[in-house]
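Engineer: Shown below is the structure under consideration.
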Amino acid sequence: MPNYRSWQQVAGYFDGDGTIVTSDISNRPYKLGLSLVFVDQSADQIANVRDFLNNHGIRTSRVLKRSDGNAYELAVSELYSVKRMLRRITPYLCKKGIEARAALDYCLNRITGNELLSVFQAEVDAGRRERHSRHVELDIPYTRLEGGKIMRQLKKDRIRDAMGRYRAKLTPVDFKNIRTKYFDEGKRVCDLIREYPSYSRESIRRILGKGRRYILVRGVGRVDTTDTTIRDAFRAHQRAEEWR
């Protein structure tokens with residue numbers, strides 16, 4: 001079987017036997033995962049495509065046999081490789097040109113996930129794209145970059161919250177007492193620093209909603225301290241969860 005020698009040949013093959021797959025990541029509703037997938041009954045044909053792509057710096061999966069046993073498939077899923085391949089084949093695509101340009105726009109943070117899905121749906125309605133059923137309806141009103149930032153921040157919050165529950169020095173009792181003495185009894189910050197020498201000045205200020213306006217409480221996690229009516233660390237934690 002002749003080897004592939006140009007991107008035009010690969011684009012023609014993708015137009016016929018390729019598809020752009022969006023990952024059904026219902027547990028991560030902030031960013032879409034994209035894969036460029038080839039499917040063929042000939043293992044040699046798929047292997048030829050894989051060799052061409054690998055030789056041009058595109059990272060691919062192994063050639064895998066599908067679960068139905070009737071065909072083989074090859075996937076490109078790594079972001080850099082997806083962008084590089086889309087740039088190479090899009091100018092030569094006919095049937096899949098619109099969705100490929102939209103997928104590249106999403107990879108380059110020019111459109112949101114919902115806008116990309118809308119383009120895919122329009123191509124399904126036009127009969128140029130195969131319908132892919134989903135178990136969960138996706139709602140991703142962010143660009144890929146925006147979604148990634150949200151996910152990283154949520155990860156930091158989870159780590160911070162875990163540190164608060166298991167490693168924080170401040171106890172719920174001290175949290176409550178320090179706030180009560182300041183807000184109800186009128187004690188000054190300097191008085192509280194002397195009364196609670198195990199906590200630094202910065203920690204006392206954060207307990208009172210000053211400085212960074214949150215504190216890690218042992219057994220509770222990250223507590224928002226901006227509400228001066230809060231007296232109980234557990235109630236504060238509940239309020240923080242509601243405000244997220």
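Convention: chains lettered A, B, ... in structure tokens order; per-chain residue numbering from 1; ligands numbered from 1 as shown.
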So which residues touch A:Gln45 within 12 Å, counting only C-alpha atoms, skipping near sequence neighbours fewer than 6 positions away, as a PyMOL selection string?

Structural biologist: chain A and resi 1-4+10+13+17+38-39+51-52+63+71-74

Engineer: Quick one: everything within 9 Å of stretch 122-139 of chain A, counting only C-alpha atoms, minus sequence neighbours fewer than 4 positions away in the same chain. Send it as a ChimeraX atom specification.

Structural biologist: /A:19,21,24-26,29-30,95-96,98-99,113-114,117-118

Engineer: How would the residues just chosen look if you wrote them out with N, CA and C atoms as a PDB file, in the first residue's frame?

Structural biologist:
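This is the output file again-v1.pdb:
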ATOM      1  N   THR A  19     -13.233  12.181  11.932  1.00  0.00           N
ATOM      2  CA  THR A  19     -14.253  12.958  12.653  1.00  0.00           C
ATOM      3  C   THR A  19     -13.596  13.715  13.798  1.00  0.00           C
ATOM      4  N   VAL A  21     -14.068  14.661  17.543  1.00  0.00           N
ATOM      5  CA  VAL A  21     -14.829  14.162  18.693  1.00  0.00           C
ATOM      6  C   VAL A  21     -14.647  15.100  19.872  1.00  0.00           C
ATOM      7  N   ASP A  24     -17.018  13.825  26.384  1.00  0.00           N
ATOM      8  CA  ASP A  24     -18.185  14.000  27.251  1.00  0.00           C
ATOM      9  C   ASP A  24     -17.698  14.095  28.688  1.00  0.00           C
ATOM     10  N   ILE A  25     -17.177  15.281  29.061  1.00  0.00           N
ATOM     11  CA  ILE A  25     -16.568  15.455  30.384  1.00  0.00           C
ATOM     12  C   ILE A  25     -17.559  16.148  31.309  1.00  0.00           C
ATOM     13  N   SER A  26     -18.630  15.434  31.651  1.00  0.00           N
ATOM     14  CA  SER A  26     -19.692  16.029  32.467  1.00  0.00           C
ATOM     15  C   SER A  26     -19.209  16.413  33.854  1.00  0.00           C
ATOM     16  N   PRO A  29     -17.377  20.656  33.591  1.00  0.00           N
ATOM     17  CA  PRO A  29     -18.203  21.440  32.664  1.00  0.00           C
ATOM     18  C   PRO A  29     -17.631  22.824  32.356  1.00  0.00           C
ATOM     19  N   TYR A  30     -16.313  22.926  32.210  1.00  0.00           N
ATOM     20  CA  TYR A  30     -15.697  24.210  31.940  1.00  0.00           C
ATOM     21  C   TYR A  30     -14.867  24.207  30.662  1.00  0.00           C
ATOM     22  N   LYS A  95     -15.898  18.635   3.055  1.00  0.00           N
ATOM     23  CA  LYS A  95     -17.049  18.268   3.872  1.00  0.00           C
ATOM     24  C   LYS A  95     -16.906  18.732   5.310  1.00  0.00           C
ATOM     25  N   LYS A  96     -15.701  18.614   5.872  1.00  0.00           N
ATOM     26  CA  LYS A  96     -15.498  18.907   7.305  1.00  0.00           C
ATOM     27  C   LYS A  96     -14.767  20.227   7.531  1.00  0.00           C
ATOM     28  N   ILE A  98     -15.876  23.405   7.752  1.00  0.00           N
ATOM     29  CA  ILE A  98     -16.496  24.350   8.694  1.00  0.00           C
ATOM     30  C   ILE A  98     -16.238  23.932  10.134  1.00  0.00           C
ATOM     31  N   GLU A  99     -16.466  22.656  10.444  1.00  0.00           N
ATOM     32  CA  GLU A  99     -16.272  22.217  11.831  1.00  0.00           C
ATOM     33  C   GLU A  99     -14.799  22.231  12.212  1.00  0.00           C
ATOM     34  N   GLY A 113     -16.996  27.163  24.232  1.00  0.00           N
ATOM     35  CA  GLY A 113     -17.405  25.781  24.010  1.00  0.00           C
ATOM     36  C   GLY A 113     -18.804  25.680  23.444  1.00  0.00           C
ATOM     37  N   ASN A 114     -19.715  26.517  23.937  1.00  0.00           N
ATOM     38  CA  ASN A 114     -21.084  26.496  23.430  1.00  0.00           C
ATOM     39  C   ASN A 114     -21.152  26.908  21.959  1.00  0.00           C
ATOM     40  N   LEU A 117     -20.033  23.914  19.930  1.00  0.00           N
ATOM     41  CA  LEU A 117     -21.087  22.903  19.879  1.00  0.00           C
ATOM     42  C   LEU A 117     -22.223  23.328  18.961  1.00  0.00           C
ATOM     43  N   SER A 118     -22.493  24.621  18.898  1.00  0.00           N
ATOM     44  CA  SER A 118     -23.532  25.116  17.996  1.00  0.00           C
ATOM     45  C   SER A 118     -23.141  24.900  16.535  1.00  0.00           C
TER      46      SER A 118
END

Engineer: Could you please determine the separation between atom CA of A:Gly209 and atom CA of A:Arg152 in Å, to one decimal place?

Structural biologist: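 Atom-to-atom, atom CA of A:Gly209 to atom CA of A:Arg152, that is 25.0 Å.
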
Engineer: If we count only C-alpha atoms and set the cut-off at 9 Å, which residues sit around A:Ile89, ignoring sequence neighbours fewer than 4 positions away in its own chain? Please answer as a list in words.

Structural biologist: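 My reading of the contact set: Trp7, Gln8, Val10, Ala11, Gly12, Phe14, Arg84, Met85, Leu93, Gly97 and Ala100 of chain A.
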
Engineer: Next, write the just-selected residues to a file, as a short mmCIF file (atom, residue, chain, number, x, y, z; two decimals), in the first residue's frame, keeping N, CA and C atoms as the atom set.

Structural biologist:
data_model
loop_
_atom_site.label_atom_id
_atom_site.label_comp_id
_atom_site.auth_asym_id
_atom_site.auth_seq_id
_atom_site.Cartn_x
_atom_site.Cartn_y
_atom_site.Cartn_z
N TRP A 7 -0.10 16.55 3.04
CA TRP A 7 -1.23 16.89 3.89
C TRP A 7 -2.53 16.90 3.10
N GLN A 8 -2.45 17.17 1.80
CA GLN A 8 -3.65 17.10 0.98
C GLN A 8 -4.25 15.69 0.99
N VAL A 10 -3.83 13.41 3.39
CA VAL A 10 -4.36 13.16 4.74
C VAL A 10 -5.70 13.87 4.92
N ALA A 11 -5.80 15.11 4.42
CA ALA A 11 -7.05 15.87 4.53
C ALA A 11 -8.18 15.16 3.79
N GLY A 12 -7.87 14.63 2.58
CA GLY A 12 -8.89 13.91 1.83
C GLY A 12 -9.36 12.68 2.57
N PHE A 14 -9.26 12.30 5.87
CA PHE A 14 -10.02 12.75 7.05
C PHE A 14 -11.42 13.20 6.64
N ARG A 84 -1.85 21.70 15.53
CA ARG A 84 -0.92 21.59 14.40
C ARG A 84 -1.58 20.87 13.23
N MET A 85 -2.28 19.78 13.53
CA MET A 85 -2.91 19.01 12.45
C MET A 85 -4.06 19.80 11.82
N LEU A 93 -9.81 20.74 3.34
CA LEU A 93 -11.04 20.01 3.65
C LEU A 93 -12.23 20.59 2.89
N GLY A 97 -14.72 21.08 6.51
CA GLY A 97 -13.98 22.34 6.65
C GLY A 97 -14.55 23.27 7.69
N ALA A 100 -13.91 21.97 11.23
CA ALA A 100 -12.47 22.00 11.53
C ALA A 100 -12.02 23.42 11.87
#

Engineer: Go ahead and compute the interatomic distance for atom CA of A:Thr180 and atom CA of A:Asp161, in Å to one decimal.

Structural biologist: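 Distance between the two atoms: 23.6 Å.
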